[in-house]
Amino acid sequence: MIVVKGYGQMCNNWLQYAHAYVWGLENGVKTVSMRFSYKYRYFNVSCLPRHNFLTYLFLKSLIKAHIIKCLWLQEPYMVTAEVLDALRRSPLIAIDGWNFRHPELMRKYRDELLLLFGFRKKAIAGKARWLAGLPKPDVRLGLHIRRGDYAQWCGGAYFFADSVYAMAVKQFCAMYPGQKVQVLVATNDPKTDFERLRSESGIDSIMPIGGNPGEDLYVLSECDFIIGVQSTFSLVAAFYHDVPIYWIRSKDDTLSADKFKKFDDLLMTV
């Protein structure tokens, strides 16, 4: 059995475990996620056998005591034939890091991943009711405003002001003249200026999702399109219904229909 340690925040963990899970399916090896055993309990995976807090504590103690070997797989070159053989043969082994990647298997086992990471009904029931109660638009856009830790990540290259997001929304709406566009915003910045977003984009129907990470992810996944910056959060949201996604790369970007991509197009860029 492969024990997958947590790496980064929720959707980093989602992708990290997804790659390990599909590799395990392909090779007949069971897997368990430490992070989804106790922390991000919004998904079906958290209800599976072995995915509970006691299992997490037990496995953590074994790894810390070096009773279980933990392989650090941060770079592609670290995933050698010897490593793969050890993962197939070891009764119990752990992996950590970001580069145990198997995109071809994620495509093969897409239906299994949709079941594994399906949203638990109780976890998203409130936002499902909220979403159903909103006026029905012609086009629903999910906007992911990521700030917080992005002030430092990549030297702040993707830390954009509200005006940049407003311009992206304005350009998006110009692609759908005469249609009612509704914009639902997931953000980790409580200081996001929604009045500025509305005034500068020219769209009144812009509202915060205002949920926890699982609820925000669920609502984004239910939108027709997603706009945001490069982030595993918006990427994972796009996975569920293969929603077209546009990542703002620069404050001077100009949006056009051909710049929207799909999950498979962007998977190996993060």
# chains A, B, ... in the order shown; residues from 1 in each chain; ligands from 1

$ residues_around --residues "segment 128-144 of chain A" --least-positions-apart "5" --cutoff "10 Å" --atoms "only C-alpha atoms" --output "mmCIF file with all heavy atoms, in the first residue's frame"
data_model
loop_
_atom_site.group_PDB
_atom_site.id
_atom_site.type_symbol
_atom_site.label_atom_id
_atom_site.label_comp_id
_atom_site.auth_asym_id
_atom_site.auth_seq_id
_atom_site.Cartn_x
_atom_site.Cartn_y
_atom_site.Cartn_z
ATOM 1 N N LYS A 121 -22.459 15.129 -0.366
ATOM 2 C CA LYS A 121 -23.696 15.911 -0.430
ATOM 3 C C LYS A 121 -23.855 16.847 0.759
ATOM 4 O O LYS A 121 -24.271 18.005 0.613
ATOM 5 C CB LYS A 121 -24.894 14.968 -0.545
ATOM 6 C CG LYS A 121 -24.992 14.280 -1.899
ATOM 7 C CD LYS A 121 -26.249 13.435 -2.000
ATOM 8 C CE LYS A 121 -26.350 12.783 -3.367
ATOM 9 N NZ LYS A 121 -27.580 11.949 -3.487
ATOM 10 N N LYS A 122 -23.535 16.342 1.950
ATOM 11 C CA LYS A 122 -23.684 17.177 3.134
ATOM 12 C C LYS A 122 -22.715 18.352 3.112
ATOM 13 O O LYS A 122 -23.007 19.420 3.657
ATOM 14 C CB LYS A 122 -23.466 16.346 4.397
ATOM 15 C CG LYS A 122 -24.601 15.384 4.712
ATOM 16 C CD LYS A 122 -24.367 14.670 6.031
ATOM 17 C CE LYS A 122 -25.530 13.737 6.360
ATOM 18 N NZ LYS A 122 -25.313 13.025 7.647
ATOM 19 N N ALA A 123 -21.560 18.158 2.488
ATOM 20 C CA ALA A 123 -20.531 19.201 2.488
ATOM 21 C C ALA A 123 -20.906 20.391 1.617
ATOM 22 O O ALA A 123 -20.473 21.519 1.891
ATOM 23 C CB ALA A 123 -19.191 18.618 2.037
ATOM 24 N N TYR A 165 -8.916 41.863 -12.886
ATOM 25 C CA TYR A 165 -10.006 40.890 -12.954
ATOM 26 C C TYR A 165 -11.250 41.521 -13.579
ATOM 27 O O TYR A 165 -11.957 40.873 -14.355
ATOM 28 C CB TYR A 165 -10.317 40.354 -11.562
ATOM 29 C CG TYR A 165 -9.239 39.473 -10.989
ATOM 30 C CD1 TYR A 165 -8.303 39.969 -10.088
ATOM 31 C CD2 TYR A 165 -9.140 38.129 -11.349
ATOM 32 C CE1 TYR A 165 -7.311 39.165 -9.551
ATOM 33 C CE2 TYR A 165 -8.154 37.322 -10.819
ATOM 34 C CZ TYR A 165 -7.241 37.837 -9.924
ATOM 35 O OH TYR A 165 -6.252 37.035 -9.414
ATOM 36 N N ALA A 166 -11.515 42.778 -13.257
ATOM 37 C CA ALA A 166 -12.673 43.464 -13.830
ATOM 38 C C ALA A 166 -12.545 43.572 -15.347
ATOM 39 O O ALA A 166 -13.529 43.386 -16.080
ATOM 40 C CB ALA A 166 -12.821 44.850 -13.202
ATOM 41 N N ALA A 168 -10.886 41.528 -17.284
ATOM 42 C CA ALA A 168 -11.095 40.190 -17.849
ATOM 43 C C ALA A 168 -12.584 39.872 -17.959
ATOM 44 O O ALA A 168 -13.043 39.309 -18.960
ATOM 45 C CB ALA A 168 -10.382 39.146 -16.991
ATOM 46 N N VAL A 169 -13.350 40.243 -16.934
ATOM 47 C CA VAL A 169 -14.797 40.024 -16.968
ATOM 48 C C VAL A 169 -15.428 40.856 -18.080
ATOM 49 O O VAL A 169 -16.299 40.372 -18.820
ATOM 50 C CB VAL A 169 -15.433 40.368 -15.604
ATOM 51 C CG1 VAL A 169 -16.954 40.337 -15.694
ATOM 52 C CG2 VAL A 169 -14.953 39.392 -14.535
ATOM 53 N N PHE A 172 -14.718 39.279 -21.330
ATOM 54 C CA PHE A 172 -15.499 38.053 -21.461
ATOM 55 C C PHE A 172 -16.938 38.391 -21.876
ATOM 56 O O PHE A 172 -17.492 37.765 -22.790
ATOM 57 C CB PHE A 172 -15.501 37.274 -20.150
ATOM 58 C CG PHE A 172 -16.360 36.048 -20.166
ATOM 59 C CD1 PHE A 172 -15.883 34.861 -20.680
ATOM 60 C CD2 PHE A 172 -17.668 36.083 -19.683
ATOM 61 C CE1 PHE A 172 -16.675 33.721 -20.718
ATOM 62 C CE2 PHE A 172 -18.467 34.953 -19.706
ATOM 63 C CZ PHE A 172 -17.964 33.770 -20.228
ATOM 64 N N CYS A 173 -17.536 39.345 -21.219
ATOM 65 C CA CYS A 173 -18.928 39.708 -21.517
ATOM 66 C C CYS A 173 -19.079 40.245 -22.937
ATOM 67 O O CYS A 173 -20.139 40.068 -23.563
ATOM 68 C CB CYS A 173 -19.429 40.725 -20.506
ATOM 69 S SG CYS A 173 -19.584 40.050 -18.832
ATOM 70 N N TYR A 176 -20.182 37.827 -25.432
ATOM 71 C CA TYR A 176 -21.569 37.354 -25.360
ATOM 72 C C TYR A 176 -22.530 38.539 -25.355
ATOM 73 O O TYR A 176 -23.277 38.742 -24.401
ATOM 74 C CB TYR A 176 -21.751 36.480 -24.115
ATOM 75 C CG TYR A 176 -20.945 35.210 -24.181
ATOM 76 C CD1 TYR A 176 -19.657 35.158 -23.633
ATOM 77 C CD2 TYR A 176 -21.445 34.078 -24.813
ATOM 78 C CE1 TYR A 176 -18.899 34.008 -23.725
ATOM 79 C CE2 TYR A 176 -20.688 32.924 -24.904
ATOM 80 C CZ TYR A 176 -19.418 32.903 -24.367
ATOM 81 O OH TYR A 176 -18.655 31.756 -24.465
ATOM 82 N N GLY A 178 -25.611 40.878 -25.626
ATOM 83 C CA GLY A 178 -27.043 40.637 -25.534
ATOM 84 C C GLY A 178 -27.427 39.492 -24.627
ATOM 85 O O GLY A 178 -28.624 39.206 -24.468
ATOM 86 N N GLN A 179 -26.445 38.830 -24.017
ATOM 87 C CA GLN A 179 -26.736 37.718 -23.123
ATOM 88 C C GLN A 179 -26.481 38.121 -21.668
ATOM 89 O O GLN A 179 -25.598 38.940 -21.380
ATOM 90 C CB GLN A 179 -25.875 36.502 -23.484
ATOM 91 C CG GLN A 179 -26.153 35.964 -24.887
ATOM 92 C CD GLN A 179 -25.556 34.589 -25.083
ATOM 93 O OE1 GLN A 179 -25.826 33.660 -24.319
ATOM 94 N NE2 GLN A 179 -24.754 34.441 -26.133
ATOM 95 N N LYS A 180 -27.237 37.521 -20.772
ATOM 96 C CA LYS A 180 -27.090 37.825 -19.358
ATOM 97 C C LYS A 180 -25.981 36.974 -18.761
ATOM 98 O O LYS A 180 -26.081 35.739 -18.735
ATOM 99 C CB LYS A 180 -28.409 37.551 -18.627
ATOM 100 C CG LYS A 180 -28.362 37.918 -17.148
ATOM 101 C CD LYS A 180 -29.703 37.679 -16.478
ATOM 102 C CE LYS A 180 -29.637 38.038 -14.999
ATOM 103 N NZ LYS A 180 -30.941 37.784 -14.322
ATOM 104 N N VAL A 181 -24.921 37.637 -18.312
ATOM 105 C CA VAL A 181 -23.771 36.956 -17.714
ATOM 106 C C VAL A 181 -23.823 37.137 -16.207
ATOM 107 O O VAL A 181 -23.991 38.246 -15.706
ATOM 108 C CB VAL A 181 -22.444 37.505 -18.271
ATOM 109 C CG1 VAL A 181 -21.260 36.831 -17.585
ATOM 110 C CG2 VAL A 181 -22.370 37.298 -19.788
ATOM 111 N N GLN A 182 -23.681 36.048 -15.503
ATOM 112 C CA GLN A 182 -23.612 36.067 -14.041
ATOM 113 C C GLN A 182 -22.213 35.630 -13.621
ATOM 114 O O GLN A 182 -21.685 34.643 -14.139
ATOM 115 C CB GLN A 182 -24.658 35.117 -13.467
ATOM 116 C CG GLN A 182 -24.764 35.101 -11.950
ATOM 117 C CD GLN A 182 -25.797 34.062 -11.521
ATOM 118 O OE1 GLN A 182 -25.501 32.873 -11.452
ATOM 119 N NE2 GLN A 182 -27.023 34.517 -11.294
ATOM 120 N N VAL A 183 -21.607 36.358 -12.691
ATOM 121 C CA VAL A 183 -20.227 36.094 -12.276
ATOM 122 C C VAL A 183 -20.210 35.725 -10.797
ATOM 123 O O VAL A 183 -20.639 36.513 -9.944
ATOM 124 C CB VAL A 183 -19.329 37.318 -12.519
ATOM 125 C CG1 VAL A 183 -17.868 36.974 -12.193
ATOM 126 C CG2 VAL A 183 -19.451 37.807 -13.968
ATOM 127 N N LEU A 184 -19.714 34.526 -10.510
ATOM 128 C CA LEU A 184 -19.606 34.040 -9.137
ATOM 129 C C LEU A 184 -18.133 33.990 -8.765
ATOM 130 O O LEU A 184 -17.330 33.367 -9.465
ATOM 131 C CB LEU A 184 -20.247 32.663 -9.012
ATOM 132 C CG LEU A 184 -21.704 32.564 -9.488
ATOM 133 C CD1 LEU A 184 -22.241 31.161 -9.277
ATOM 134 C CD2 LEU A 184 -22.579 33.594 -8.789
ATOM 135 N N VAL A 185 -17.787 34.637 -7.664
ATOM 136 C CA VAL A 185 -16.386 34.882 -7.337
ATOM 137 C C VAL A 185 -15.936 34.063 -6.130
ATOM 138 O O VAL A 185 -16.515 34.147 -5.047
ATOM 139 C CB VAL A 185 -16.144 36.373 -7.043
ATOM 140 C CG1 VAL A 185 -14.659 36.635 -6.777
ATOM 141 C CG2 VAL A 185 -16.632 37.231 -8.212
ATOM 142 N N ALA A 186 -14.879 33.292 -6.334
ATOM 143 C CA ALA A 186 -14.183 32.625 -5.238
ATOM 144 C C ALA A 186 -12.891 33.391 -4.987
ATOM 145 O O ALA A 186 -12.113 33.631 -5.910
ATOM 146 C CB ALA A 186 -13.867 31.171 -5.606
ATOM 147 N N THR A 187 -12.660 33.803 -3.760
ATOM 148 C CA THR A 187 -11.465 34.578 -3.453
ATOM 149 C C THR A 187 -10.968 34.280 -2.050
ATOM 150 O O THR A 187 -11.761 33.974 -1.151
ATOM 151 C CB THR A 187 -11.725 36.089 -3.592
ATOM 152 O OG1 THR A 187 -10.528 36.814 -3.276
ATOM 153 C CG2 THR A 187 -12.858 36.547 -2.694
ATOM 154 N N ASN A 188 -9.653 34.361 -1.889
ATOM 155 C CA ASN A 188 -9.063 34.228 -0.551
ATOM 156 C C ASN A 188 -8.689 35.588 0.025
ATOM 157 O O ASN A 188 -7.955 35.661 1.008
ATOM 158 C CB ASN A 188 -7.833 33.304 -0.592
ATOM 159 C CG ASN A 188 -6.693 33.893 -1.420
ATOM 160 O OD1 ASN A 188 -6.893 34.790 -2.244
ATOM 161 N ND2 ASN A 188 -5.485 33.381 -1.216
ATOM 162 N N SER A 205 -24.251 41.777 -11.989
ATOM 163 C CA SER A 205 -24.457 40.449 -11.409
ATOM 164 C C SER A 205 -23.121 39.766 -11.100
ATOM 165 O O SER A 205 -22.756 38.758 -11.691
ATOM 166 C CB SER A 205 -25.284 39.580 -12.353
ATOM 167 O OG SER A 205 -25.604 38.352 -11.740
ATOM 168 N N ILE A 206 -22.380 40.375 -10.167
ATOM 169 C CA ILE A 206 -21.125 39.807 -9.671
ATOM 170 C C ILE A 206 -21.281 39.621 -8.179
ATOM 171 O O ILE A 206 -21.566 40.581 -7.456
ATOM 172 C CB ILE A 206 -19.925 40.715 -9.968
ATOM 173 C CG1 ILE A 206 -19.739 40.904 -11.476
ATOM 174 C CG2 ILE A 206 -18.644 40.141 -9.357
ATOM 175 C CD1 ILE A 206 -18.573 41.806 -11.849
ATOM 176 N N MET A 207 -21.109 38.416 -7.697
ATOM 177 C CA MET A 207 -21.334 38.161 -6.274
ATOM 178 C C MET A 207 -20.319 37.162 -5.736
ATOM 179 O O MET A 207 -19.849 36.270 -6.466
ATOM 180 C CB MET A 207 -22.753 37.649 -6.039
ATOM 181 C CG MET A 207 -23.076 36.342 -6.722
ATOM 182 S SD MET A 207 -24.862 36.053 -6.848
ATOM 183 C CE MET A 207 -25.273 37.134 -8.219
ATOM 184 N N PRO A 208 -19.951 37.281 -4.461
ATOM 185 C CA PRO A 208 -19.023 36.325 -3.845
ATOM 186 C C PRO A 208 -19.713 35.000 -3.566
ATOM 187 O O PRO A 208 -20.896 34.970 -3.206
ATOM 188 C CB PRO A 208 -18.620 37.022 -2.548
ATOM 189 C CG PRO A 208 -19.792 37.894 -2.211
ATOM 190 C CD PRO A 208 -20.364 38.347 -3.522
ATOM 191 N N ILE A 209 -18.980 33.928 -3.729
ATOM 192 C CA ILE A 209 -19.506 32.621 -3.333
ATOM 193 C C ILE A 209 -19.537 32.537 -1.816
ATOM 194 O O ILE A 209 -20.502 32.062 -1.215
ATOM 195 C CB ILE A 209 -18.653 31.488 -3.929
ATOM 196 C CG1 ILE A 209 -18.703 31.547 -5.458
ATOM 197 C CG2 ILE A 209 -19.135 30.117 -3.429
ATOM 198 C CD1 ILE A 209 -17.708 30.633 -6.149
ATOM 199 N N GLU A 215 -16.722 24.323 -0.722
ATOM 200 C CA GLU A 215 -17.911 24.945 -1.316
ATOM 201 C C GLU A 215 -17.536 25.836 -2.497
ATOM 202 O O GLU A 215 -18.201 25.828 -3.540
ATOM 203 C CB GLU A 215 -18.637 25.755 -0.250
ATOM 204 C CG GLU A 215 -19.293 24.902 0.818
ATOM 205 C CD GLU A 215 -19.847 25.717 1.962
ATOM 206 O OE1 GLU A 215 -19.262 26.776 2.295
ATOM 207 O OE2 GLU A 215 -20.881 25.323 2.536
ATOM 208 N N ASP A 216 -16.466 26.613 -2.341
ATOM 209 C CA ASP A 216 -16.016 27.465 -3.444
ATOM 210 C C ASP A 216 -15.640 26.620 -4.661
ATOM 211 O O ASP A 216 -15.978 26.968 -5.801
ATOM 212 C CB ASP A 216 -14.812 28.302 -3.013
ATOM 213 C CG ASP A 216 -15.201 29.528 -2.201
ATOM 214 O OD1 ASP A 216 -16.403 29.719 -1.933
ATOM 215 O OD2 ASP A 216 -14.293 30.295 -1.827
ATOM 216 N N LEU A 217 -14.942 25.524 -4.421
ATOM 217 C CA LEU A 217 -14.534 24.649 -5.514
ATOM 218 C C LEU A 217 -15.756 24.068 -6.219
ATOM 219 O O LEU A 217 -15.821 24.022 -7.454
ATOM 220 C CB LEU A 217 -13.649 23.521 -4.982
ATOM 221 C CG LEU A 217 -13.003 22.631 -6.041
ATOM 222 C CD1 LEU A 217 -11.893 23.381 -6.768
ATOM 223 C CD2 LEU A 217 -12.444 21.349 -5.412
ATOM 224 N N TYR A 218 -16.727 23.631 -5.439
ATOM 225 C CA TYR A 218 -17.951 23.070 -6.008
ATOM 226 C C TYR A 218 -18.661 24.087 -6.903
ATOM 227 O O TYR A 218 -19.049 23.767 -8.038
ATOM 228 C CB TYR A 218 -18.879 22.600 -4.889
ATOM 229 C CG TYR A 218 -20.317 22.451 -5.326
ATOM 230 C CD1 TYR A 218 -20.700 21.402 -6.152
ATOM 231 C CD2 TYR A 218 -21.278 23.384 -4.943
ATOM 232 C CE1 TYR A 218 -22.023 21.280 -6.585
ATOM 233 C CE2 TYR A 218 -22.596 23.274 -5.360
ATOM 234 C CZ TYR A 218 -22.957 22.216 -6.187
ATOM 235 O OH TYR A 218 -24.253 22.108 -6.627
ATOM 236 N N VAL A 219 -18.845 25.309 -6.417
ATOM 237 C CA VAL A 219 -19.572 26.313 -7.203
ATOM 238 C C VAL A 219 -18.809 26.653 -8.476
ATOM 239 O O VAL A 219 -19.405 26.748 -9.551
ATOM 240 C CB VAL A 219 -19.848 27.574 -6.361
ATOM 241 C CG1 VAL A 219 -20.453 28.672 -7.235
ATOM 242 C CG2 VAL A 219 -20.805 27.244 -5.214
ATOM 243 N N LEU A 220 -17.504 26.822 -8.389
ATOM 244 C CA LEU A 220 -16.714 27.080 -9.596
ATOM 245 C C LEU A 220 -16.888 25.953 -10.611
ATOM 246 O O LEU A 220 -17.000 26.196 -11.814
ATOM 247 C CB LEU A 220 -15.226 27.226 -9.258
ATOM 248 C CG LEU A 220 -14.749 28.536 -8.649
ATOM 249 C CD1 LEU A 220 -13.228 28.494 -8.496
ATOM 250 C CD2 LEU A 220 -15.165 29.743 -9.472
ATOM 251 N N SER A 221 -16.924 24.727 -10.119
ATOM 252 C CA SER A 221 -17.038 23.575 -11.019
ATOM 253 C C SER A 221 -18.372 23.544 -11.754
ATOM 254 O O SER A 221 -18.485 22.903 -12.800
ATOM 255 C CB SER A 221 -16.850 22.268 -10.234
ATOM 256 O OG SER A 221 -18.016 21.923 -9.491
ATOM 257 N N GLU A 222 -19.385 24.224 -11.208
ATOM 258 C CA GLU A 222 -20.711 24.235 -11.807
ATOM 259 C C GLU A 222 -20.911 25.385 -12.798
ATOM 260 O O GLU A 222 -21.986 25.516 -13.385
ATOM 261 C CB GLU A 222 -21.770 24.322 -10.702
ATOM 262 C CG GLU A 222 -21.858 23.086 -9.817
ATOM 263 C CD GLU A 222 -22.364 21.863 -10.576
ATOM 264 O OE1 GLU A 222 -23.339 22.010 -11.346
ATOM 265 O OE2 GLU A 222 -21.780 20.777 -10.413
ATOM 266 N N CYS A 223 -19.888 26.226 -12.971
ATOM 267 C CA CYS A 223 -19.995 27.353 -13.898
ATOM 268 C C CYS A 223 -19.743 26.893 -15.333
ATOM 269 O O CYS A 223 -19.207 25.821 -15.580
ATOM 270 C CB CYS A 223 -19.010 28.449 -13.492
ATOM 271 S SG CYS A 223 -19.401 29.221 -11.897
ATOM 272 N N ASP A 224 -20.117 27.748 -16.275
ATOM 273 C CA ASP A 224 -19.927 27.432 -17.693
ATOM 274 C C ASP A 224 -18.504 27.719 -18.156
ATOM 275 O O ASP A 224 -17.995 27.078 -19.081
ATOM 276 C CB ASP A 224 -20.898 28.255 -18.549
ATOM 277 C CG ASP A 224 -22.349 27.979 -18.200
ATOM 278 O OD1 ASP A 224 -22.728 26.786 -18.172
ATOM 279 O OD2 ASP A 224 -23.089 28.941 -17.928
ATOM 280 N N PHE A 225 -17.870 28.713 -17.533
ATOM 281 C CA PHE A 225 -16.495 29.089 -17.826
ATOM 282 C C PHE A 225 -15.824 29.492 -16.515
ATOM 283 O O PHE A 225 -16.505 29.889 -15.565
ATOM 284 C CB PHE A 225 -16.419 30.268 -18.807
ATOM 285 C CG PHE A 225 -16.966 29.978 -20.180
ATOM 286 C CD1 PHE A 225 -18.316 30.168 -20.448
ATOM 287 C CD2 PHE A 225 -16.138 29.533 -21.196
ATOM 288 C CE1 PHE A 225 -18.833 29.906 -21.706
ATOM 289 C CE2 PHE A 225 -16.640 29.268 -22.455
ATOM 290 C CZ PHE A 225 -17.992 29.447 -22.715
ATOM 291 N N ILE A 226 -14.492 29.419 -16.501
ATOM 292 C CA ILE A 226 -13.731 29.852 -15.335
ATOM 293 C C ILE A 226 -12.621 30.780 -15.809
ATOM 294 O O ILE A 226 -11.929 30.486 -16.786
ATOM 295 C CB ILE A 226 -13.127 28.663 -14.566
ATOM 296 C CG1 ILE A 226 -14.233 27.765 -13.985
ATOM 297 C CG2 ILE A 226 -12.207 29.155 -13.447
ATOM 298 C CD1 ILE A 226 -13.715 26.477 -13.372
ATOM 299 N N ILE A 227 -12.464 31.889 -15.098
ATOM 300 C CA ILE A 227 -11.333 32.792 -15.301
ATOM 301 C C ILE A 227 -10.602 32.935 -13.975
ATOM 302 O O ILE A 227 -11.226 33.082 -12.917
ATOM 303 C CB ILE A 227 -11.795 34.181 -15.798
ATOM 304 C CG1 ILE A 227 -12.329 34.093 -17.234
ATOM 305 C CG2 ILE A 227 -10.653 35.193 -15.729
ATOM 306 C CD1 ILE A 227 -12.881 35.413 -17.757
ATOM 307 N N GLY A 228 -9.286 32.903 -14.017
ATOM 308 C CA GLY A 228 -8.480 33.105 -12.817
ATOM 309 C C GLY A 228 -7.020 33.231 -13.196
ATOM 310 O O GLY A 228 -6.684 33.426 -14.368
ATOM 311 N N VAL A 229 -6.167 33.130 -12.204
ATOM 312 C CA VAL A 229 -4.734 33.068 -12.464
ATOM 313 C C VAL A 229 -4.288 31.610 -12.384
ATOM 314 O O VAL A 229 -5.059 30.741 -11.971
ATOM 315 C CB VAL A 229 -3.933 33.926 -11.459
ATOM 316 C CG1 VAL A 229 -4.225 35.391 -11.663
ATOM 317 C CG2 VAL A 229 -4.249 33.519 -10.015
ATOM 318 N N GLN A 230 -3.057 31.350 -12.781
ATOM 319 C CA GLN A 230 -2.553 29.980 -12.739
ATOM 320 C C GLN A 230 -2.628 29.440 -11.318
ATOM 321 O O GLN A 230 -2.000 29.955 -10.408
ATOM 322 C CB GLN A 230 -1.102 29.934 -13.229
ATOM 323 C CG GLN A 230 -0.524 28.529 -13.210
ATOM 324 C CD GLN A 230 0.841 28.468 -13.872
ATOM 325 O OE1 GLN A 230 1.076 29.082 -14.897
ATOM 326 N NE2 GLN A 230 1.745 27.715 -13.270
ATOM 327 N N SER A 231 -3.412 28.395 -11.136
ATOM 328 C CA SER A 231 -3.663 27.861 -9.805
ATOM 329 C C SER A 231 -4.252 26.465 -9.922
ATOM 330 O O SER A 231 -5.090 26.216 -10.798
ATOM 331 C CB SER A 231 -4.647 28.775 -9.051
ATOM 332 O OG SER A 231 -5.162 28.143 -7.901
ATOM 333 N N PHE A 233 -6.287 25.342 -7.900
ATOM 334 C CA PHE A 233 -7.673 25.448 -7.441
ATOM 335 C C PHE A 233 -8.626 25.592 -8.623
ATOM 336 O O PHE A 233 -9.598 24.837 -8.750
ATOM 337 C CB PHE A 233 -7.822 26.642 -6.494
ATOM 338 C CG PHE A 233 -9.109 26.646 -5.711
ATOM 339 C CD1 PHE A 233 -9.179 26.028 -4.474
ATOM 340 C CD2 PHE A 233 -10.239 27.274 -6.196
ATOM 341 C CE1 PHE A 233 -10.364 26.020 -3.737
ATOM 342 C CE2 PHE A 233 -11.423 27.284 -5.481
ATOM 343 C CZ PHE A 233 -11.487 26.655 -4.249
ATOM 344 N N SER A 234 -8.362 26.549 -9.488
ATOM 345 C CA SER A 234 -9.233 26.724 -10.650
ATOM 346 C C SER A 234 -9.096 25.556 -11.618
ATOM 347 O O SER A 234 -10.059 25.160 -12.279
ATOM 348 C CB SER A 234 -8.929 28.045 -11.357
ATOM 349 O OG SER A 234 -7.558 28.157 -11.685
ATOM 350 N N ALA A 237 -11.215 22.720 -10.306
ATOM 351 C CA ALA A 237 -12.627 23.061 -10.530
ATOM 352 C C ALA A 237 -13.035 22.763 -11.962
ATOM 353 O O ALA A 237 -14.143 22.283 -12.229
ATOM 354 C CB ALA A 237 -12.868 24.532 -10.200
ATOM 355 N N ALA A 238 -12.138 23.017 -12.898
ATOM 356 C CA ALA A 238 -12.435 22.784 -14.313
ATOM 357 C C ALA A 238 -12.550 21.302 -14.646
ATOM 358 O O ALA A 238 -13.201 20.928 -15.630
ATOM 359 C CB ALA A 238 -11.364 23.431 -15.183
ATOM 360 N N VAL A 243 -14.796 22.102 -17.799
ATOM 361 C CA VAL A 243 -15.165 23.502 -18.031
ATOM 362 C C VAL A 243 -13.995 24.243 -18.686
ATOM 363 O O VAL A 243 -12.849 24.119 -18.238
ATOM 364 C CB VAL A 243 -15.527 24.186 -16.696
ATOM 365 C CG1 VAL A 243 -15.810 25.669 -16.898
ATOM 366 C CG2 VAL A 243 -16.720 23.492 -16.059
ATOM 367 N N ILE A 245 -11.319 26.987 -19.241
ATOM 368 C CA ILE A 245 -10.692 27.844 -18.252
ATOM 369 C C ILE A 245 -9.677 28.765 -18.920
ATOM 370 O O ILE A 245 -8.971 28.368 -19.847
ATOM 371 C CB ILE A 245 -10.029 26.990 -17.141
ATOM 372 C CG1 ILE A 245 -9.349 27.863 -16.093
ATOM 373 C CG2 ILE A 245 -9.047 25.988 -17.717
ATOM 374 C CD1 ILE A 245 -8.849 27.075 -14.889
ATOM 375 N N TYR A 246 -9.637 30.001 -18.442
ATOM 376 C CA TYR A 246 -8.672 30.979 -18.938
ATOM 377 C C TYR A 246 -7.857 31.485 -17.766
ATOM 378 O O TYR A 246 -8.415 31.961 -16.768
ATOM 379 C CB TYR A 246 -9.394 32.153 -19.610
ATOM 380 C CG TYR A 246 -8.518 33.354 -19.871
ATOM 381 C CD1 TYR A 246 -7.475 33.295 -20.793
ATOM 382 C CD2 TYR A 246 -8.732 34.557 -19.193
ATOM 383 C CE1 TYR A 246 -6.669 34.409 -21.023
ATOM 384 C CE2 TYR A 246 -7.941 35.675 -19.429
ATOM 385 C CZ TYR A 246 -6.906 35.587 -20.348
ATOM 386 O OH TYR A 246 -6.116 36.677 -20.571
ATOM 387 N N TRP A 247 -6.530 31.359 -17.879
ATOM 388 C CA TRP A 247 -5.630 31.859 -16.853
ATOM 389 C C TRP A 247 -5.052 33.203 -17.275
ATOM 390 O O TRP A 247 -4.449 33.317 -18.356
ATOM 391 C CB TRP A 247 -4.495 30.873 -16.605
ATOM 392 C CG TRP A 247 -4.869 29.764 -15.668
ATOM 393 C CD1 TRP A 247 -5.935 29.715 -14.828
ATOM 394 C CD2 TRP A 247 -4.162 28.533 -15.474
ATOM 395 N NE1 TRP A 247 -5.935 28.537 -14.109
ATOM 396 C CE2 TRP A 247 -4.856 27.801 -14.484
ATOM 397 C CE3 TRP A 247 -3.011 27.992 -16.034
ATOM 398 C CZ2 TRP A 247 -4.433 26.546 -14.046
ATOM 399 C CZ3 TRP A 247 -2.580 26.746 -15.598
ATOM 400 C CH2 TRP A 247 -3.292 26.035 -14.612
#

$ residues_around --residues "segment 20-37 of chain A" --least-positions-apart "4" --cutoff "10 Å" --atoms "only C-alpha atoms" --output "PyMOL selection string"
chain A and resi 1-7+9-10+13-16+41-57+59-60+84+87-95+100-110+112-113+116

$ select_by_dssp --residues "segment 38-267 of chain A" --states "alpha helix (DSSP H)" --output "count of residues only"
89

$ select_by_dssp --residues "segment 5-229 of chain A" --states "strand (DSSP E)" --output "PyMOL selection string"
chain A and resi 31-33+70-72+93-96+139-145+181-187+206-208+225-229

$ atom_distance --atom1 "atom CA of Ala81 of chain A" --atom2 "atom CA of Asn99 of chain A"
14.4 Å

$ atom_distance --atom1 "atom CA of Lys251 of chain A" --atom2 "atom CA of Ser199 of chain A"
18.1 Å

$ closest_residue --among "A:Ala151, A:Ile203, A:Leu266, A:Ala65" --to "Gln171 of chain A" --atoms "only C-alpha atoms"
A:Ile203

$ closest_residue --among "A:Ile67, A:Leu267, A:Ala125, A:Ala257" --to "Met175 of chain A" --atoms "only C-alpha atoms"
A:Ala257

$ closest_residue --among "A:Ile145, A:Gly211, A:Asp111, A:Phe159" --to "Thr192 of chain A" --atoms "only C-alpha atoms"
A:Ile145

$ closest_residue --among "A:Gly155, A:Gly148, A:Gly202, A:Pro190" --to "Lys170 of chain A" --atoms "only C-alpha atoms"
A:Gly202

$ atom_distance --atom1 "atom CA of Pro177 of chain A" --atom2 "atom CA of Lys259 of chain A"
18.4 Å
